Amino acid sequence: MDNIYIEYNFTVSPKEPATEILIAELGNVGFESFVENETGVTAYIQKDGYKPTILDDIYILNSKEFSIEYTKNEVEQTNWNAEWEKNFTPIQVDDLVSIRAPFHENPNLKYDIVIEPKMSFGTGHHETTHMMVQHLLQLDLENKKVLDMGCGTGILAIFAEMKGAKPTDAIDIDNWCYENSIENVTRNNSKNISVYEGDSSLLINKKYDVIIANINRNILLMDMKVYANCLNENGILLLSGFYQEDIPIIDAEVSKYKLKLETFIERNNWVALKYNKS
């Protein structure tokens, strides 16, 4: 029997950066697929995972900076792949990295990542993924052991291997992301990436040279001690999934574990921080 989905049609003004923020927040509460349009975004969540209070913690809906209206209705399972093909456009990062679907032309940049995103979060279009790719571009990852925590589509793990990282672990708590990451790892002929379904409990007794955690503020704060304990001396911790105004609370938590903030990137109020353990 086909799954039943709850479809929300959001009309957003001004559209950017509000739509990006809205998609990120909806993804954090269980929405599985997003189709952007000229006026905003349509978002889908399985009826089994839906509750009437699902939007109560979506902060941007209460923002005075944006006007966001929505309607909702039930729909039968649709052809997600067809929707993605219509709406997923290729992107480029710093004229060095291309992130595209198999049906897009190869722009022949230095690094070419091919993904079939389906309903996973992390197509490269979101600000946080884009900034994490920028951070990774600046790192020497040759033979470094890397963790991609909250891997989504597996983009960052795949890119880390392209830059010489091995071995790399990619972990996501969402089954769809887990399955999709496996598919994308295979699609990019990655040989040194292991994908796991689960949370930070999988990190017991693990050690890494570089940890990438692109999740959300609350999860990062909750798991920061685990990340710090898993990081080798002189290791790098990359954090994203939160706004510029969240930096003080993130930094206060990270500082408890003797990690030093080296630099950060900001993009439409989203930030990606780079810490060093010394």
# chains A, B, ... in the order shown; residues from 1 in each chain; ligands from 1

$ select_by_dssp --residues "stretch 30-174 of chain A" --states "helix (DSSP H, G or I)" --output "MDAnalysis selection string"
chainID A and resid 47:49 59:62 80:87 127:137 155:162

$ residues_around --residues "A:Glu262" --least-positions-apart "2" --cutoff "7 Å" --atoms "only C-alpha atoms" --output "NGL selection string"
:A and (260 or 274-276)

$ write_last_selection --atoms "all heavy atoms" --output "compact mmCIF listing (two decimals), in the first residue's frame"
# COMPACT_ATOMS: atom_id res chain seq x y z
N LYS A 260 39.88 25.28 20.06
CA LYS A 260 40.00 26.70 19.77
C LYS A 260 39.37 27.03 18.42
O LYS A 260 39.66 26.38 17.42
CB LYS A 260 41.48 27.11 19.77
CG LYS A 260 41.71 28.59 19.49
CD LYS A 260 43.18 28.91 19.47
CE LYS A 260 43.43 30.39 19.14
NZ LYS A 260 44.88 30.70 19.09
N LYS A 274 35.27 26.38 12.22
CA LYS A 274 36.41 25.47 12.21
C LYS A 274 37.14 25.57 13.54
O LYS A 274 37.62 26.65 13.91
CB LYS A 274 37.36 25.79 11.06
CG LYS A 274 38.63 24.94 11.06
CD LYS A 274 39.64 25.46 10.05
CE LYS A 274 40.96 24.68 10.13
NZ LYS A 274 42.00 25.27 9.25
N TYR A 275 37.25 24.43 14.25
CA TYR A 275 37.96 24.37 15.53
C TYR A 275 39.18 23.47 15.41
O TYR A 275 39.20 22.53 14.62
CB TYR A 275 37.06 23.81 16.62
CG TYR A 275 36.02 24.78 17.14
CD1 TYR A 275 34.78 24.90 16.52
CD2 TYR A 275 36.29 25.60 18.23
CE1 TYR A 275 33.83 25.81 16.99
CE2 TYR A 275 35.35 26.50 18.71
CZ TYR A 275 34.13 26.61 18.09
OH TYR A 275 33.20 27.49 18.54
N ASN A 276 40.20 23.79 16.24
CA ASN A 276 41.40 22.96 16.28
C ASN A 276 41.62 22.45 17.70
O ASN A 276 41.44 23.19 18.67
CB ASN A 276 42.62 23.78 15.83
CG ASN A 276 43.90 22.96 15.85
OD1 ASN A 276 44.60 22.92 16.86
ND2 ASN A 276 44.19 22.30 14.74

$ closest_residue --among "A:Leu156, A:Val185, A:Val146, A:Ile265" --to "A:Leu231" --atoms "only C-alpha atoms"
A:Val146

$ select_by_dssp --residues "stretch 129-222 of chain A" --states "strand (DSSP E or B)" --output "list of chain:residue names"
A:Val146, A:Leu147, A:Asp148, A:Met149, A:Thr168, A:Asp169, A:Ala170, A:Ile171, A:Asp172, A:Ile193, A:Ser194, A:Val195, A:Tyr196, A:Glu197, A:Tyr208, A:Asp209, A:Val210, A:Ile211, A:Ile212, A:Ala213, A:Asn214

$ residues_around --residues "A:Glu16" --least-positions-apart "2" --cutoff "12 Å" --atoms "only C-alpha atoms" --output "count of residues only"
25

$ closest_residue --among "A:Val133, A:Met224, A:Ala24, A:Leu139" --to "A:Lys258" --atoms "only C-alpha atoms"
A:Met224

$ residues_around --residues "A:Ile158" --least-positions-apart "4" --cutoff "8 Å" --atoms "only C-alpha atoms" --output "JSON list (two decimals) with N, CA and C atoms, in the first residue's frame"
[["chain", "number", "residue", "atom", "x", "y", "z"],
["A", 113, "ILE", "N", 31.13, 15.79, -7.92],
["A", 113, "ILE", "CA", 30.34, 14.92, -7.05],
["A", 113, "ILE", "C", 28.99, 14.70, -7.71],
["A", 154, "GLY", "N", 25.58, 12.13, 1.87],
["A", 154, "GLY", "CA", 26.95, 11.64, 1.82],
["A", 154, "GLY", "C", 27.91, 12.55, 1.08],
["A", 162, "MET", "N", 37.64, 12.32, -1.98],
["A", 162, "MET", "CA", 38.24, 12.88, -3.19],
["A", 162, "MET", "C", 39.50, 13.68, -2.88],
["A", 185, "VAL", "N", 27.69, 6.88, -2.40],
["A", 185, "VAL", "CA", 29.07, 6.42, -2.23],
["A", 185, "VAL", "C", 29.45, 5.49, -3.38],
["A", 188, "ASN", "N", 29.82, 7.34, -6.76],
["A", 188, "ASN", "CA", 31.05, 8.11, -6.93],
["A", 188, "ASN", "C", 32.31, 7.26, -6.81],
["A", 190, "SER", "N", 33.53, 5.59, -4.47],
["A", 190, "SER", "CA", 34.29, 5.77, -3.23],
["A", 190, "SER", "C", 34.62, 4.41, -2.64],
["A", 193, "ILE", "N", 34.86, 4.62, 2.27],
["A", 193, "ILE", "CA", 33.79, 5.20, 3.10],
["A", 193, "ILE", "C", 32.89, 4.09, 3.63]]

$ atom_distance --atom1 "atom CA of A:Met149" --atom2 "atom CA of A:Ser200"
8.2 Å

$ residues_around --residues "A:Lys277" --least-positions-apart "5" --cutoff "12 Å" --atoms "only C-alpha atoms" --output "list in words"
Tyr208, Asp209, Val210, Ile211, Tyr227, Ala228, Asn229, Cys230, Leu231, Asn232, Glu233, Asn234, Gly235, Ile236, Leu237, Leu238, Val254, Ser255, Lys256, Tyr257, Lys258, Leu259, Lys260, Leu261 and Glu262 of chain A

$ closest_residue --among "A:Val29, A:Ala252, A:Glu69, A:Leu96" --to "A:Leu109" --atoms "only C-alpha atoms"
A:Leu96

$ residues_around --residues "A:Ser194" --least-positions-apart "3" --cutoff "10 Å" --atoms "only C-alpha atoms" --output "mmCIF file with C-alpha atoms, in the first residue's frame"
data_model
loop_
_atom_site.group_PDB
_atom_site.id
_atom_site.type_symbol
_atom_site.label_atom_id
_atom_site.label_comp_id
_atom_site.auth_asym_id
_atom_site.auth_seq_id
_atom_site.Cartn_x
_atom_site.Cartn_y
_atom_site.Cartn_z
ATOM 1 C CA LEU A 147 33.870 11.377 10.318
ATOM 2 C CA ALA A 157 32.184 12.203 3.065
ATOM 3 C CA PRO A 167 39.130 5.821 5.985
ATOM 4 C CA THR A 168 35.932 7.860 6.383
ATOM 5 C CA ASP A 169 32.847 7.027 8.442
ATOM 6 C CA ALA A 170 29.483 8.521 7.421
ATOM 7 C CA ILE A 171 26.659 8.334 9.973
ATOM 8 C CA SER A 181 24.392 7.755 1.217
ATOM 9 C CA ILE A 182 25.252 4.147 0.388
ATOM 10 C CA VAL A 185 29.070 6.425 -2.232
ATOM 11 C CA SER A 190 34.291 5.771 -3.234
ATOM 12 C CA LYS A 191 36.349 2.900 -1.823
#

$ residues_around --residues "A:Gly27" --least-positions-apart "4" --cutoff "10 Å" --atoms "only C-alpha atoms" --output "short mmCIF file (atom, residue, chain, number, x, y, z; two decimals) with all heavy atoms, in the first residue's frame"
data_model
loop_
_atom_site.label_atom_id
_atom_site.label_comp_id
_atom_site.auth_asym_id
_atom_site.auth_seq_id
_atom_site.Cartn_x
_atom_site.Cartn_y
_atom_site.Cartn_z
N ILE A 21 16.10 28.79 5.25
CA ILE A 21 15.98 28.60 6.69
C ILE A 21 14.80 27.70 7.00
O ILE A 21 14.89 26.77 7.83
CB ILE A 21 15.83 29.96 7.40
CG1 ILE A 21 17.06 30.82 7.16
CG2 ILE A 21 15.56 29.78 8.88
CD1 ILE A 21 16.92 32.26 7.63
N LEU A 22 13.68 27.94 6.33
CA LEU A 22 12.48 27.14 6.54
C LEU A 22 12.73 25.66 6.23
O LEU A 22 12.35 24.77 7.00
CB LEU A 22 11.33 27.68 5.69
CG LEU A 22 10.01 26.92 5.74
CD1 LEU A 22 9.44 26.92 7.16
CD2 LEU A 22 9.01 27.52 4.76
N ILE A 23 13.38 25.38 5.11
CA ILE A 23 13.67 24.00 4.72
C ILE A 23 14.53 23.32 5.78
O ILE A 23 14.28 22.16 6.16
CB ILE A 23 14.36 23.96 3.34
CG1 ILE A 23 13.36 24.31 2.24
CG2 ILE A 23 14.98 22.58 3.07
CD1 ILE A 23 13.99 24.48 0.86
N PHE A 31 10.32 16.48 8.19
CA PHE A 31 9.89 16.59 6.80
C PHE A 31 10.95 15.96 5.91
O PHE A 31 12.14 16.12 6.13
CB PHE A 31 9.66 18.06 6.42
CG PHE A 31 8.35 18.61 6.91
CD1 PHE A 31 8.20 19.01 8.23
CD2 PHE A 31 7.27 18.70 6.05
CE1 PHE A 31 6.99 19.52 8.69
CE2 PHE A 31 6.05 19.19 6.49
CZ PHE A 31 5.91 19.61 7.82
N GLU A 32 10.51 15.24 4.87
CA GLU A 32 11.40 14.38 4.11
C GLU A 32 11.71 14.87 2.71
O GLU A 32 12.69 14.44 2.10
CB GLU A 32 10.80 12.97 4.01
CG GLU A 32 10.62 12.29 5.35
CD GLU A 32 9.95 10.95 5.21
OE1 GLU A 32 9.39 10.67 4.12
OE2 GLU A 32 9.98 10.18 6.17
N SER A 33 10.87 15.72 2.16
CA SER A 33 11.08 16.14 0.78
C SER A 33 10.64 17.58 0.61
O SER A 33 9.66 18.02 1.23
CB SER A 33 10.30 15.23 -0.17
OG SER A 33 10.52 15.60 -1.51
N PHE A 34 11.38 18.31 -0.22
CA PHE A 34 11.10 19.72 -0.44
C PHE A 34 11.19 20.04 -1.93
O PHE A 34 12.15 19.65 -2.58
CB PHE A 34 12.10 20.59 0.33
CG PHE A 34 12.20 20.23 1.78
CD1 PHE A 34 13.17 19.36 2.22
CD2 PHE A 34 11.31 20.75 2.70
CE1 PHE A 34 13.26 19.00 3.55
CE2 PHE A 34 11.39 20.40 4.03
CZ PHE A 34 12.37 19.53 4.47
N ALA A 43 6.51 21.14 1.06
CA ALA A 43 7.22 20.20 1.94
C ALA A 43 6.33 19.01 2.26
O ALA A 43 5.11 19.15 2.39
CB ALA A 43 7.65 20.90 3.22
N TYR A 44 6.96 17.83 2.38
CA TYR A 44 6.21 16.60 2.59
C TYR A 44 6.72 15.85 3.82
O TYR A 44 7.92 15.77 4.06
CB TYR A 44 6.34 15.67 1.38
CG TYR A 44 5.79 16.25 0.10
CD1 TYR A 44 6.61 17.00 -0.74
CD2 TYR A 44 4.46 16.06 -0.26
CE1 TYR A 44 6.12 17.54 -1.92
CE2 TYR A 44 3.96 16.59 -1.44
CZ TYR A 44 4.79 17.33 -2.27
OH TYR A 44 4.30 17.85 -3.43
N ILE A 45 5.79 15.28 4.57
CA ILE A 45 6.12 14.42 5.69
C ILE A 45 5.15 13.24 5.69
O ILE A 45 3.96 13.40 5.36
CB ILE A 45 6.05 15.17 7.04
CG1 ILE A 45 6.53 14.27 8.19
CG2 ILE A 45 4.66 15.73 7.30
CD1 ILE A 45 6.71 15.02 9.51
N SER A 120 16.68 12.97 0.74
CA SER A 120 17.66 13.26 1.77
C SER A 120 18.03 14.73 1.79
O SER A 120 18.03 15.39 0.76
CB SER A 120 18.93 12.44 1.54
OG SER A 120 18.65 11.07 1.54
N PHE A 121 18.36 15.21 2.97
CA PHE A 121 18.80 16.60 3.12
C PHE A 121 20.29 16.67 2.84
O PHE A 121 21.05 15.84 3.28
CB PHE A 121 18.51 17.08 4.54
CG PHE A 121 18.83 18.53 4.75
CD1 PHE A 121 18.07 19.51 4.12
CD2 PHE A 121 19.85 18.91 5.57
CE1 PHE A 121 18.35 20.85 4.31
CE2 PHE A 121 20.13 20.25 5.77
CZ PHE A 121 19.39 21.22 5.15
#

$ decode --residues "stretch 107-250 of chain A" --atoms "C-alpha atoms" --output "compact mmCIF listing (two decimals), in the first residue's frame"
# COMPACT_ATOMS: atom_id res chain seq x y z
CA PRO A 107 31.27 21.03 -16.03
CA ASN A 108 34.76 19.49 -15.76
CA LEU A 109 35.86 21.21 -12.56
CA LYS A 110 38.62 19.80 -10.36
CA TYR A 111 36.14 17.84 -8.23
CA ASP A 112 32.88 16.37 -9.52
CA ILE A 113 30.34 14.92 -7.05
CA VAL A 114 27.38 13.09 -8.57
CA ILE A 115 24.39 12.46 -6.31
CA GLU A 116 20.80 11.31 -6.59
CA PRO A 117 19.40 13.19 -3.59
CA LYS A 118 15.87 11.74 -3.52
CA MET A 119 14.43 12.92 -0.20
CA SER A 120 17.66 13.26 1.77
CA PHE A 121 18.80 16.60 3.12
CA GLY A 122 22.14 17.82 1.83
CA THR A 123 22.00 18.38 -1.90
CA GLY A 124 24.68 21.03 -1.69
CA HIS A 125 22.14 23.75 -2.29
CA HIS A 126 21.76 24.52 1.37
CA GLU A 127 24.10 27.16 2.79
CA THR A 128 25.61 24.85 5.40
CA THR A 129 26.65 22.12 2.95
CA HIS A 130 28.12 24.75 0.63
CA MET A 131 30.21 26.25 3.46
CA MET A 132 31.41 22.86 4.68
CA VAL A 133 32.68 22.11 1.18
CA GLN A 134 34.53 25.45 1.32
CA HIS A 135 36.16 24.49 4.62
CA LEU A 136 37.19 21.08 3.28
CA LEU A 137 38.73 22.72 0.23
CA GLN A 138 41.22 24.44 2.55
CA LEU A 139 42.24 21.30 4.46
CA ASP A 140 44.96 18.74 3.77
CA LEU A 141 42.97 15.52 4.08
CA GLU A 142 45.55 13.11 2.64
CA ASN A 143 45.34 9.86 4.66
CA LYS A 144 43.31 11.58 7.38
CA LYS A 145 40.64 9.62 9.21
CA VAL A 146 37.36 11.53 8.80
CA LEU A 147 33.87 11.38 10.32
CA ASP A 148 30.85 12.85 8.52
CA MET A 149 28.21 13.03 11.27
CA GLY A 150 24.68 13.58 10.00
CA CYS A 151 25.83 12.73 6.50
CA GLY A 152 22.52 13.29 4.65
CA THR A 153 23.29 12.39 1.04
CA GLY A 154 26.95 11.64 1.82
CA ILE A 155 28.29 14.65 -0.10
CA LEU A 156 30.86 15.72 2.49
CA ALA A 157 32.18 12.20 3.07
CA ILE A 158 32.51 11.69 -0.69
CA PHE A 159 34.30 15.01 -1.11
CA ALA A 160 36.65 14.22 1.80
CA GLU A 161 37.69 11.00 0.08
CA MET A 162 38.24 12.88 -3.19
CA LYS A 163 40.71 15.02 -1.25
CA GLY A 164 42.59 11.96 -0.01
CA ALA A 165 40.86 11.10 3.27
CA LYS A 166 40.84 7.45 4.31
CA PRO A 167 39.13 5.82 5.99
CA THR A 168 35.93 7.86 6.38
CA ASP A 169 32.85 7.03 8.44
CA ALA A 170 29.48 8.52 7.42
CA ILE A 171 26.66 8.33 9.97
CA ASP A 172 23.02 9.40 9.87
CA ILE A 173 20.13 8.57 12.16
CA ASP A 174 17.62 8.68 9.29
CA ASN A 175 17.16 5.43 7.37
CA TRP A 176 16.47 7.21 4.09
CA CYS A 177 19.71 9.20 4.43
CA TYR A 178 21.59 6.01 5.31
CA GLU A 179 20.32 4.20 2.22
CA ASN A 180 20.83 7.22 -0.03
CA SER A 181 24.39 7.75 1.22
CA ILE A 182 25.25 4.15 0.39
CA GLU A 183 23.89 4.66 -3.14
CA ASN A 184 25.84 7.90 -3.62
CA VAL A 185 29.07 6.42 -2.23
CA THR A 186 28.78 3.66 -4.81
CA ARG A 187 27.84 6.13 -7.56
CA ASN A 188 31.05 8.11 -6.93
CA ASN A 189 33.24 4.99 -6.79
CA SER A 190 34.29 5.77 -3.23
CA LYS A 191 36.35 2.90 -1.82
CA ASN A 192 37.14 4.02 1.73
CA ILE A 193 33.79 5.20 3.10
CA SER A 194 31.73 3.16 5.58
CA VAL A 195 28.11 4.27 6.06
CA TYR A 196 26.26 3.59 9.32
CA GLU A 197 22.71 4.17 10.52
CA GLY A 198 22.58 5.55 14.05
CA ASP A 199 23.61 8.37 16.37
CA SER A 200 26.60 9.41 18.47
CA SER A 201 26.42 6.16 20.45
CA LEU A 202 28.24 4.58 17.49
CA LEU A 203 31.31 6.71 18.26
CA ILE A 204 32.43 4.92 21.42
CA ASN A 205 36.19 4.24 21.26
CA LYS A 206 36.44 5.87 17.81
CA LYS A 207 39.16 8.38 16.90
CA TYR A 208 39.31 10.80 13.97
CA ASP A 209 41.61 13.47 12.56
CA VAL A 210 38.71 15.49 11.14
CA ILE A 211 35.09 15.51 12.32
CA ILE A 212 32.40 17.11 10.16
CA ALA A 213 29.11 17.71 12.01
CA ASN A 214 26.48 19.53 9.95
CA ILE A 215 23.35 18.90 11.99
CA ASN A 216 21.52 21.47 14.15
CA ARG A 217 22.35 23.47 17.23
CA ASN A 218 20.63 21.35 19.86
CA ILE A 219 22.07 18.05 18.64
CA LEU A 220 25.54 19.60 18.39
CA LEU A 221 25.35 20.91 21.95
CA MET A 222 24.15 17.55 23.24
CA ASP A 223 26.89 15.56 21.46
CA MET A 224 29.81 17.99 21.72
CA LYS A 225 31.58 16.03 24.46
CA VAL A 226 31.43 12.89 22.32
CA TYR A 227 32.93 14.69 19.33
CA ALA A 228 35.72 16.19 21.44
CA ASN A 229 36.60 12.80 22.92
CA CYS A 230 36.78 11.28 19.43
CA LEU A 231 39.09 13.92 18.04
CA ASN A 232 42.81 13.19 17.81
CA GLU A 233 45.37 15.72 19.03
CA ASN A 234 45.71 18.56 16.47
CA GLY A 235 42.45 17.35 14.95
CA ILE A 236 39.93 19.58 13.18
CA LEU A 237 36.24 19.92 14.12
CA LEU A 238 33.93 21.49 11.54
CA LEU A 239 30.48 22.52 12.78
CA SER A 240 27.47 23.88 10.92
CA GLY A 241 23.69 23.78 10.91
CA PHE A 242 23.01 26.94 12.92
CA TYR A 243 22.85 30.72 12.62
CA GLN A 244 25.41 33.44 13.29
CA GLU A 245 23.66 34.45 16.51
CA ASP A 246 24.18 30.89 17.81
CA ILE A 247 27.99 31.18 17.72
CA PRO A 248 28.37 32.29 21.39
CA ILE A 249 26.46 29.30 22.81
CA ILE A 250 28.23 26.86 20.47
